[in-house]
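Visitor: Before I ask anything, here is the structure I am working with.
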Amino acid sequence: MAGIIFLFFVIGFLLYVGAFHYFKLFQSSASYPPKRTLKDKVFVLVSGGSISLLISFMLYWLQ
């Protein structure tokens, strides 16, 4: 069970790192992907990271 909880923590962390990367690209003035695409990617990654961390905290609490 501890391995599954750790896996969800790592997945959540990596999704937040990816969101931070795309957010930094969104802030730059000359980026290739359109700003709307970058904003959508940031939203999806933050949503996925939040759900993953929520699941990991719930599993940790139920353990």
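Letters A, B, ... mark the chains of the structure tokens in the order given; residue numbers begin at 1 per chain; ligand numbers begin at 1, in order shown.
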Tell me which protein, DNA and RNA residues are within 7 Å of range 29-46 of chain A, counting only C-alpha atoms, leaving out same-chain ones fewer than 3 positions away, and put them as a compact mmCIF listing (two decimals) with N, CA and C atoms, in the first residue's frame.
Guide:
# COMPACT_ATOMS: atom_id res chain seq x y z
N LEU A 15 3.31 16.01 -12.40
CA LEU A 15 2.31 16.79 -13.11
C LEU A 15 2.42 18.27 -12.75
N TYR A 16 2.71 18.57 -11.49
CA TYR A 16 2.90 19.97 -11.11
C TYR A 16 4.18 20.56 -11.71
N GLY A 18 5.42 19.68 -14.63
CA GLY A 18 5.05 19.94 -16.02
C GLY A 18 4.18 21.18 -16.16
N ALA A 19 3.27 21.38 -15.23
CA ALA A 19 2.43 22.57 -15.27
C ALA A 19 3.27 23.84 -15.08
N TYR A 22 5.04 24.57 -18.43
CA TYR A 22 4.17 25.19 -19.41
C TYR A 22 3.74 26.59 -18.98
N PHE A 23 3.63 26.82 -17.68
CA PHE A 23 3.29 28.16 -17.20
C PHE A 23 4.42 29.13 -17.51
N LEU A 25 6.47 28.86 -20.06
CA LEU A 25 6.36 29.12 -21.49
C LEU A 25 5.21 30.09 -21.78
N PHE A 26 4.14 29.98 -21.04
CA PHE A 26 3.00 30.86 -21.21
C PHE A 26 3.37 32.31 -20.90
N GLY A 49 -2.71 16.76 -11.38
CA GLY A 49 -1.86 16.73 -10.19
C GLY A 49 -2.66 16.86 -8.91
N SER A 50 -3.67 17.70 -8.94
CA SER A 50 -4.51 17.86 -7.75
C SER A 50 -5.29 16.59 -7.44
Visitor: What does the distance between CA of Phe9 in chain A and CA of Leu53 in chain A come to in Å, to one decimal place?
Guide: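 Separating CA of Phe9 in chain A from CA of Leu53 in chain A is a distance of 5.9 Å.
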Visitor: Taking the chain letters and numbering used in this document, name the residues of range 11-54 of chain A that DSSP puts in alpha helix (DSSP H), as a count of residues only.
Guide: 37
Visitor: I'd like the interatomic distance between CA of Met1 in chain A and CA of Ser56 in chain A, to a tenth of an Å.
Guide: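 Spanning CA of Met1 in chain A to CA of Ser56 in chain A is a straight-line distance of 10.5 Å.
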Visitor: To one decimal in Å, tell me the separation between CA of Phe6 in chain A and CA of Tyr60 in chain A.
Guide: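 These two atoms are separated by 9.5 Å.
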